[in-house]
Every structure is written in C-alpha cells, then in structure tokens.
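Everything below concerns the one structure shown next.
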Amino acid sequence: MKTIIANWKSNPNSVKDAVILAKSTEKAALKYPQAEVVVAPPFLYLTEAKKELKYAKLGAQDSFWNEGGAYTGEVNLAQLKTAGVSFVIIGHSERRRYLGESDEVINRKVSASLRYGLQVVLCVGNQERSEDPMRVISSQLAQDLKGLAPGDKVENLTVAYEPIWAIGTGDAESPDGAANVAARIKEQLTRYWKIGSPRVLYGGSVDDKNIAKFLEKEEIDGVLVGGASLKAAEFGRMIKETNSKS
Ligand code: 13P
C-alpha cells in the first residue's frame, strides 16, 4: 500500500473551508481504498476535520513530548490522541527554519510520539540542490533518532525526504534522485535502528502531473503533499493515482 499525506500547513483560514476540503478528500479516500490517505490540518481544525474523516486518517503537523502541564502554546500527545490523530509530522523544514526547531527538540518529540503509539513522519532534507543530500540527512537521522531502540515502536516511523529547494517551488526532485535517496535512508534505518521494513516518502512540489513517476519507484512508499493538497479536484486525482500504484 502506498501513502499520500496532505500537509495543509497554515491553511485554510476558516473552519468552513477546512470542512469542505476534508469532505472532498474523504470522498476520494473512500472511492480509492488501496491508497492510505492521511490529512494533516492545522491543530485548530483537527476536531472538525475528524468528523468528516472515516476512511482517511487524521494527522497533526507537529506534536509535543509529553501529556500535558505548564507548556504555554503546546498541544500535547494526550490531546492529539483525544482528537483522533494517528499520524504526526515532526521536524518539517519550515519548523526547523522559521521556528528554530533543533534536532534535540525533534528527537524528544519523535521519541515521545513513538512511545505514545503514534505513527511518526520525520521530515529530513538538504537546503541546496548542489549538495549531496545524504551529508545532511545522515546527520539529521543520527540526531533526530538518537537513543531509539527496537522496543520504542520504531516500526511506526516513516521518514519523508523533502529537499528544501523543491518545497513550494514547482521544481521537484527527479524520481530517480528521490528513489536513490530513499534507498540510502532505508539502508541506514535498517543498519542503525534495526527497522525491518523501513518506509520513506518523497515530498517537494508533488502534483497530479508528476506523482505517478514517484509512486512507480519501489523505493518510494508514498508522497507528502503541500500546495496541491489544498486543491480538492487535483488532490482527488492524486489519491486515485496512489490507489492505482498501491
Ligand atoms: P509542496 O508540495 O507545496 O512543495 O510542499 C511540500 C511539503 O513541504 C510537504 O510537507
């Protein structure tokens, strides 16, 4: 089964529009059941989105490392679970870049979320097209997954390769390049964290025109989609494609 995750980022700006988008995504998820569809809205819309999502799964765009207390502004693990969240995206490059989220913080979030029983999607990726992605990614994996052992439910970890230069630019990584990086990430996940069947997604300017080329690659287990996930008709076509490649 291949996975398609909608990362709505900080969109849309009304609960009404969020519900409309959740409804249309659910409709496509129901129609194409071979695809694993995950919708990750802003925290504010989780509860309303959950009411619409029966077949598609609910994701959050971040998590926190504990179950509550004096942490102003944070949404904790117990709250996410209560809202019906089963997936959390952690370490997105926009959080690393604009919120100064460090590998140490990401490591705490990944460890706590896995131990709490959530599916974790850890985002990694390099800044420049000209550099070897694995130089950055190997270091991110080492720091972000530090201390994790097989008993920590590491099988619930998925890594998303999202080169920063490809995010929101319309200039996606080549499918061959993405497959090559995915294979190298998997090698590390197996060697250092003993993950039997590691899963890696690609993200960065995936749309209805190029999605098939990524999903055709055996090494790529799915896609993490930003901009195109906000366009109901286009995202519906992308779910259909994910279904046919599953
Ligand atoms: P775009 O699909 O808009 O390039 O965003 C990718 C992304 O950051 C998904 O997490």
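By convention here, the chains of the structure tokens are called A, B, ... in the order presented, each chain's residues are numbered starting at 1, and ligands are numbered starting at 1 in the order presented.
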**OP:** Find the residues near ligand 1. Use a cut-off of 6 Å, count only C-alpha atoms and all ligand atoms, and write them as a ChimeraX atom specification.
**Re:** /A:7,167-168,203-206,224-227
Give me the residues of segment 112-155 of chain A that have any atom at most 12 Å from an atom of segment 62-65 of chain A; for each, the nearest atom pair and the distance in Å, rounded to one decimal. Use only C-alpha atoms, sort by chain and number, and format it as CSV.
```
residue,atom,partner,partner_atom,distance
A:Ala112,CA,A:Trp65,CA,5.1
A:Ser113,CA,A:Trp65,CA,6.8
A:Leu114,CA,A:Trp65,CA,10.0
A:Arg115,CA,A:Trp65,CA,10.0
A:Tyr116,CA,A:Trp65,CA,9.4
A:Leu118,CA,A:Ser63,CA,10.0
A:Gln119,CA,A:Ser63,CA,11.2
A:Val120,CA,A:Ser63,CA,9.5
A:Val121,CA,A:Asp62,CA,9.7
A:Leu122,CA,A:Asp62,CA,10.0
A:Cys123,CA,A:Asp62,CA,10.9
```
Write out as a JSON list (two decimals) with N, CA and C atoms, in the first residue's frame each polymer residue whose atoms come within 12 Å of Asn13 of chain A, counting only C-alpha atoms; drop sequence neighbours fewer than 2 positions from it.
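Final output, saved to around-v1.json:
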```
[["chain", "number", "residue", "atom", "x", "y", "z"],
["A", 8, "TRP", "N", -1.58, 20.45, 5.06],
["A", 8, "TRP", "CA", -2.25, 21.72, 4.72],
["A", 8, "TRP", "C", -1.44, 22.94, 5.16],
["A", 9, "LYS", "N", -0.39, 22.69, 5.96],
["A", 9, "LYS", "CA", 0.40, 23.80, 6.51],
["A", 9, "LYS", "C", -0.53, 24.80, 7.21],
["A", 10, "SER", "N", -0.30, 26.11, 7.08],
["A", 10, "SER", "CA", -1.15, 27.06, 7.81],
["A", 10, "SER", "C", -2.32, 27.53, 6.93],
["A", 11, "ASN", "N", -3.11, 26.57, 6.45],
["A", 11, "ASN", "CA", -4.25, 26.82, 5.57],
["A", 11, "ASN", "C", -5.37, 25.86, 5.93],
["A", 15, "VAL", "N", -12.92, 27.62, 9.27],
["A", 15, "VAL", "CA", -13.32, 26.24, 9.57],
["A", 15, "VAL", "C", -14.22, 25.72, 8.45],
["A", 16, "LYS", "N", -15.00, 26.62, 7.85],
["A", 16, "LYS", "CA", -15.90, 26.21, 6.76],
["A", 16, "LYS", "C", -15.09, 25.63, 5.59],
["A", 17, "ASP", "N", -14.05, 26.32, 5.20],
["A", 17, "ASP", "CA", -13.22, 25.84, 4.09],
["A", 17, "ASP", "C", -12.47, 24.55, 4.47],
["A", 18, "ALA", "N", -12.09, 24.46, 5.74],
["A", 18, "ALA", "CA", -11.41, 23.24, 6.20],
["A", 18, "ALA", "C", -12.35, 22.04, 6.08],
["A", 19, "VAL", "N", -13.57, 22.23, 6.45],
["A", 19, "VAL", "CA", -14.57, 21.14, 6.40],
["A", 19, "VAL", "C", -14.84, 20.74, 4.94],
["A", 21, "LEU", "N", -12.81, 20.98, 2.41],
["A", 21, "LEU", "CA", -11.63, 20.25, 1.92],
["A", 21, "LEU", "C", -11.54, 18.85, 2.52],
["A", 41, "PRO", "N", -4.38, 18.73, 9.03],
["A", 41, "PRO", "CA", -4.80, 20.14, 9.05],
["A", 41, "PRO", "C", -4.09, 20.86, 10.21],
["A", 42, "PRO", "N", -4.24, 22.19, 10.28],
["A", 42, "PRO", "CA", -3.76, 22.90, 11.47],
["A", 42, "PRO", "C", -4.48, 22.35, 12.72],
["A", 44, "LEU", "N", -6.12, 23.70, 14.97],
["A", 44, "LEU", "CA", -7.42, 24.32, 15.21],
["A", 44, "LEU", "C", -8.58, 23.58, 14.55],
["A", 45, "TYR", "N", -8.29, 22.89, 13.45],
["A", 45, "TYR", "CA", -9.36, 22.22, 12.69],
["A", 45, "TYR", "C", -9.39, 20.71, 12.90],
["A", 230, "LEU", "N", -4.33, 21.26, -1.21],
["A", 230, "LEU", "CA", -5.37, 22.26, -0.92],
["A", 230, "LEU", "C", -6.34, 22.41, -2.09]]
```
Hey, what's within 9 Å of Met238 of chain A if we count only C-alpha atoms and toss same-chain stuff fewer than 6 positions away? As a short mmCIF file (atom, residue, chain, number, x, y, z; two decimals) with C-alpha atoms, in the first residue's frame, please?
```
data_model
loop_
_atom_site.label_atom_id
_atom_site.label_comp_id
_atom_site.auth_asym_id
_atom_site.auth_seq_id
_atom_site.Cartn_x
_atom_site.Cartn_y
_atom_site.Cartn_z
CA ILE A 4 -0.40 10.05 0.42
CA ASP A 207 1.38 17.38 -8.11
CA ASP A 208 -1.09 15.48 -10.27
CA LYS A 209 1.32 15.60 -13.23
CA ILE A 211 3.03 11.92 -8.79
CA ALA A 212 2.92 8.72 -10.86
CA ALA A 228 -1.59 20.51 -4.26
CA SER A 229 -3.38 19.01 -1.23
#
```
**OP:** Would you please extract all strand (DSSP E) residues from segment 12-229 of chain A, as assigned by DSSP on the backbone, and give them as a PyMOL selection string?
**Re:** chain A and resi 36-40+57-60+87-90+119-124+157-161+199-203+222-225
Can you list, as a PDB file with all heavy atoms, in the first residue's frame, every protein, DNA or RNA residue that comes within 10 Å of segment 128-131 of chain A when you count only C-alpha atoms, leaving out same-chain residues fewer than 5 positions away?
```pdb
ATOM      1  N   VAL A 136      23.606  15.825   4.766  1.00  0.00           N
ATOM      2  CA  VAL A 136      22.711  16.476   5.724  1.00  0.00           C
ATOM      3  C   VAL A 136      21.802  15.438   6.393  1.00  0.00           C
ATOM      4  O   VAL A 136      21.634  15.422   7.621  1.00  0.00           O
ATOM      5  CB  VAL A 136      21.832  17.543   5.003  1.00  0.00           C
ATOM      6  CG1 VAL A 136      20.789  18.124   5.928  1.00  0.00           C
ATOM      7  CG2 VAL A 136      22.715  18.633   4.422  1.00  0.00           C
ATOM      8  N   PRO A 163      13.595  17.688   0.058  1.00  0.00           N
ATOM      9  CA  PRO A 163      14.648  18.668  -0.198  1.00  0.00           C
ATOM     10  C   PRO A 163      14.066  20.083  -0.133  1.00  0.00           C
ATOM     11  O   PRO A 163      13.031  20.356  -0.758  1.00  0.00           O
ATOM     12  CB  PRO A 163      15.124  18.336  -1.613  1.00  0.00           C
ATOM     13  CG  PRO A 163      14.148  17.377  -2.193  1.00  0.00           C
ATOM     14  CD  PRO A 163      13.280  16.848  -1.105  1.00  0.00           C
ATOM     15  N   ILE A 164      14.713  20.953   0.620  1.00  0.00           N
ATOM     16  CA  ILE A 164      14.148  22.290   0.853  1.00  0.00           C
ATOM     17  C   ILE A 164      14.011  23.071  -0.460  1.00  0.00           C
ATOM     18  O   ILE A 164      13.031  23.783  -0.667  1.00  0.00           O
ATOM     19  CB  ILE A 164      15.014  23.040   1.892  1.00  0.00           C
ATOM     20  CG1 ILE A 164      14.929  22.290   3.232  1.00  0.00           C
ATOM     21  CG2 ILE A 164      14.554  24.491   2.072  1.00  0.00           C
ATOM     22  CD1 ILE A 164      15.957  22.728   4.261  1.00  0.00           C
ATOM     23  N   TRP A 165      14.981  22.880  -1.352  1.00  0.00           N
ATOM     24  CA  TRP A 165      14.935  23.608  -2.624  1.00  0.00           C
ATOM     25  C   TRP A 165      13.736  23.208  -3.495  1.00  0.00           C
ATOM     26  O   TRP A 165      13.361  23.938  -4.420  1.00  0.00           O
ATOM     27  CB  TRP A 165      16.243  23.419  -3.400  1.00  0.00           C
ATOM     28  CG  TRP A 165      16.623  21.979  -3.667  1.00  0.00           C
ATOM     29  CD1 TRP A 165      17.466  21.210  -2.929  1.00  0.00           C
ATOM     30  CD2 TRP A 165      16.170  21.147  -4.742  1.00  0.00           C
ATOM     31  NE1 TRP A 165      17.567  19.944  -3.463  1.00  0.00           N
ATOM     32  CE2 TRP A 165      16.788  19.878  -4.575  1.00  0.00           C
ATOM     33  CE3 TRP A 165      15.306  21.337  -5.822  1.00  0.00           C
ATOM     34  CZ2 TRP A 165      16.563  18.819  -5.456  1.00  0.00           C
ATOM     35  CZ3 TRP A 165      15.083  20.278  -6.691  1.00  0.00           C
ATOM     36  CH2 TRP A 165      15.706  19.039  -6.512  1.00  0.00           C
ATOM     37  N   ALA A 166      13.122  22.080  -3.184  1.00  0.00           N
ATOM     38  CA  ALA A 166      11.997  21.601  -4.006  1.00  0.00           C
ATOM     39  C   ALA A 166      10.636  21.955  -3.403  1.00  0.00           C
ATOM     40  O   ALA A 166       9.595  21.792  -4.051  1.00  0.00           O
ATOM     41  CB  ALA A 166      12.099  20.086  -4.184  1.00  0.00           C
ATOM     42  N   GLU A 173      12.330  17.273  -7.147  1.00  0.00           N
ATOM     43  CA  GLU A 173      13.492  16.369  -7.302  1.00  0.00           C
ATOM     44  C   GLU A 173      13.137  15.377  -8.414  1.00  0.00           C
ATOM     45  O   GLU A 173      11.953  15.101  -8.658  1.00  0.00           O
ATOM     46  CB  GLU A 173      13.716  15.659  -5.952  1.00  0.00           C
ATOM     47  CG  GLU A 173      14.566  14.414  -5.909  1.00  0.00           C
ATOM     48  CD  GLU A 173      16.045  14.642  -6.134  1.00  0.00           C
ATOM     49  OE1 GLU A 173      16.385  15.019  -7.270  1.00  0.00           O
ATOM     50  OE2 GLU A 173      16.846  14.414  -5.201  1.00  0.00           O
TER      51      GLU A 173
END
```
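Pairwise distance (atom CA of Ser139 of chain A, atom CA of Gly59 of chain A) equals 26.0 Å.
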Subject >> helix (DSSP H, G or I) call set, DSSP backbone run, segment 86-212 of chain A, as a PyMOL selection string >> reply: chain A and resi 93-98+103-115+133-144+150-152+154-156+164-166+175-193+211-212
Write the residues of the selection above to a file with C-alpha atoms, as a compact mmCIF listing (two decimals), in the first residue's frame.
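Saved as result-v3.txt:
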```txt
# COMPACT_ATOMS: atom_id res chain seq x y z
CA SER A 93 11.90 22.11 7.38
CA GLU A 94 9.57 25.09 7.85
CA ARG A 95 9.56 24.46 11.61
CA ARG A 96 13.31 23.96 11.66
CA ARG A 97 13.81 27.17 9.68
CA TYR A 98 11.17 29.61 10.95
CA ASP A 103 17.44 18.32 16.28
CA GLU A 104 17.40 17.91 20.05
CA VAL A 105 13.78 19.08 20.29
CA ILE A 106 12.84 16.95 17.29
CA ASN A 107 14.46 13.94 18.94
CA ARG A 108 12.36 14.42 22.07
CA LYS A 109 9.18 14.76 20.02
CA VAL A 110 9.91 11.72 17.83
CA SER A 111 10.80 9.51 20.82
CA ALA A 112 7.78 10.54 22.88
CA SER A 113 5.33 10.26 19.98
CA LEU A 114 6.52 6.78 19.04
CA ARG A 115 6.37 5.58 22.64
CA PRO A 133 21.54 15.13 0.31
CA MET A 134 22.88 12.30 2.47
CA ARG A 135 25.50 14.52 4.09
CA VAL A 136 22.71 16.48 5.72
CA ILE A 137 20.24 13.62 6.09
CA SER A 138 22.66 11.20 7.80
CA SER A 139 23.36 13.81 10.43
CA GLN A 140 19.65 14.61 10.87
CA LEU A 141 18.79 10.92 11.26
CA ALA A 142 21.59 10.36 13.77
CA GLN A 143 20.43 13.28 15.93
CA ASP A 144 16.66 13.05 15.46
CA PRO A 150 13.51 -1.60 18.68
CA GLY A 151 11.41 -1.54 21.89
CA ASP A 152 10.43 2.08 21.16
CA VAL A 154 10.43 2.21 15.69
CA GLU A 155 8.38 0.25 13.17
CA ASN A 156 5.84 3.11 13.38
CA ILE A 164 14.15 22.29 0.85
CA TRP A 165 14.93 23.61 -2.62
CA ALA A 166 12.00 21.60 -4.01
CA PRO A 175 12.07 10.48 -9.40
CA ASP A 176 15.41 8.67 -9.88
CA GLY A 177 17.14 11.03 -7.47
CA ALA A 178 14.39 10.66 -4.88
CA ALA A 179 14.44 6.86 -5.20
CA ASN A 180 18.20 6.83 -4.73
CA VAL A 181 18.00 8.93 -1.55
CA ALA A 182 15.07 6.82 -0.28
CA ALA A 183 17.15 3.66 -0.72
CA ARG A 184 20.07 5.20 1.18
CA ILE A 185 17.80 6.33 4.02
CA LYS A 186 16.34 2.83 4.25
CA GLU A 187 19.80 1.33 4.42
CA GLN A 188 20.57 3.48 7.47
CA LEU A 189 17.23 2.79 9.16
CA THR A 190 17.86 -0.92 8.85
CA ARG A 191 21.52 -0.82 9.81
CA TYR A 192 21.37 1.53 12.80
CA TRP A 193 17.79 1.26 14.08
CA ILE A 211 3.03 11.92 -8.79
CA ALA A 212 2.92 8.72 -10.86
```
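The interatomic distance for the pair atom CA of Glu218 of chain A and atom CA of Pro33 of chain A works out to 19.7 Å.
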Subject >> Distance query Ala35 of chain A at most 6 Å, only C-alpha atoms, self and fewer than 3 positions along chain excluded, as a list in words >> reply: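 My reading of the contact set: Lys2, Thr3, Thr242 and Asn243 of chain A.
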May I have the selected residues written with all heavy atoms, as an mmCIF file, in the first residue's frame?
```cif
data_model
loop_
_atom_site.group_PDB
_atom_site.id
_atom_site.type_symbol
_atom_site.label_atom_id
_atom_site.label_comp_id
_atom_site.auth_asym_id
_atom_site.auth_seq_id
_atom_site.Cartn_x
_atom_site.Cartn_y
_atom_site.Cartn_z
ATOM 1 N N LYS A 2 0.554 2.213 -0.856
ATOM 2 C CA LYS A 2 1.306 3.480 -0.863
ATOM 3 C C LYS A 2 0.503 4.540 -0.113
ATOM 4 O O LYS A 2 -0.731 4.468 -0.030
ATOM 5 C CB LYS A 2 1.601 3.913 -2.291
ATOM 6 C CG LYS A 2 2.458 2.883 -3.049
ATOM 7 C CD LYS A 2 3.774 3.405 -3.547
ATOM 8 C CE LYS A 2 4.604 2.282 -4.160
ATOM 9 N NZ LYS A 2 5.915 2.687 -4.641
ATOM 10 N N THR A 3 1.226 5.498 0.424
ATOM 11 C CA THR A 3 0.623 6.505 1.313
ATOM 12 C C THR A 3 0.667 7.882 0.666
ATOM 13 O O THR A 3 1.663 8.240 0.037
ATOM 14 C CB THR A 3 1.442 6.533 2.633
ATOM 15 O OG1 THR A 3 1.417 5.228 3.210
ATOM 16 C CG2 THR A 3 0.872 7.541 3.622
ATOM 17 N N THR A 242 -2.442 7.246 -6.445
ATOM 18 C CA THR A 242 -1.825 6.495 -5.331
ATOM 19 C C THR A 242 -2.482 5.119 -5.220
ATOM 20 O O THR A 242 -1.820 4.099 -5.012
ATOM 21 C CB THR A 242 -1.978 7.272 -4.009
ATOM 22 O OG1 THR A 242 -1.487 8.604 -4.189
ATOM 23 C CG2 THR A 242 -1.210 6.605 -2.876
ATOM 24 N N ASN A 243 -3.797 5.111 -5.383
ATOM 25 C CA ASN A 243 -4.556 3.864 -5.350
ATOM 26 C C ASN A 243 -4.060 2.910 -6.439
ATOM 27 O O ASN A 243 -3.818 1.718 -6.188
ATOM 28 C CB ASN A 243 -6.030 4.208 -5.587
ATOM 29 C CG ASN A 243 -6.951 3.031 -5.482
ATOM 30 O OD1 ASN A 243 -7.229 2.571 -4.385
ATOM 31 N ND2 ASN A 243 -7.415 2.511 -6.615
#
```
Subject >> Minimum-distance residue to Glu48 of chain A, chosen among A:Asn66, A:Gln61, A:Ser14, A:Ser246 (using only C-alpha atoms) >> reply: A:Ser14
**OP:** Work out how far apart atom CA of Ala28 of chain A and atom CA of Gly236 of chain A are and give it in Å to one decimal.
**Re:** 5.4 Å
